[in-house]
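Chemist: Let me give you the structure first, and then I'll get to my questions.
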Amino acid sequence: MAKKNEKKETSDAQKKAMKKYDNKFDTMTIRFPKGTIELLHEHGVESINAYVNKLIEAEMIKKVEDPANKKDKE
């Protein structure tokens, strides 16, 4: 029987699968002031990642749909 403190070694197949999964995504680090994440949770935001993705997508759609917001004004 394995002891509680013993860590199982990650198999090569698991490492390969994790790397393949990670390669599907771009990764960025966002730093918030202390307490921001708790505040977002209090306001019903369960997934910070999903929330940020939704905000970025909405902003990009808004700029495509509203030519007045485009940076390259003619």
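Following the order of the structure tokens, first chain is A, next is B, and so on, with residues numbered from 1 inside each chain and ligands from 1 in the order they appear.
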As a list of chain:residue names, please: every residue in segment 5-58 of chain A that a backbone DSSP assignment puts in alpha helix (DSSP H).
Modeler: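 Selection result, alpha helix (DSSP H) within segment 5-58 of chain A: A:Asp12, A:Ala13, A:Gln14, A:Lys15, A:Lys16, A:Ala17, A:Met18, A:Lys19, A:Lys20, A:Tyr21, A:Asp22, A:Thr36, A:Ile37, A:Glu38, A:Leu39, A:Leu40, A:His41, A:Glu42, A:Ile48, A:Asn49, A:Ala50, A:Tyr51, A:Val52, A:Asn53, A:Lys54, A:Leu55, A:Ile56, A:Glu57, A:Ala58.
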Chemist: Give me the residues within 12 Å of Asn49 of chain A as a PyMOL selection string, counting only C-alpha atoms and dropping any in the same chain fewer than 6 places off.
Modeler: chain A and resi 27-30+37+40+55-56
Chemist: Separation of atom CA of Asp26 of chain A and atom CA of Ser47 of chain A, in Å?
Modeler: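 Between atom CA of Asp26 of chain A and atom CA of Ser47 of chain A the gap is 17.3 Å.
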Chemist: Counting only C-alpha atoms, which residue out of A:Lys4, A:Lys54, A:Ile48, A:Glu9 sits closest to Thr36 of chain A?
Modeler: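 Using only C-alpha atoms, Thr36 of chain A sits closest to A:Ile48.
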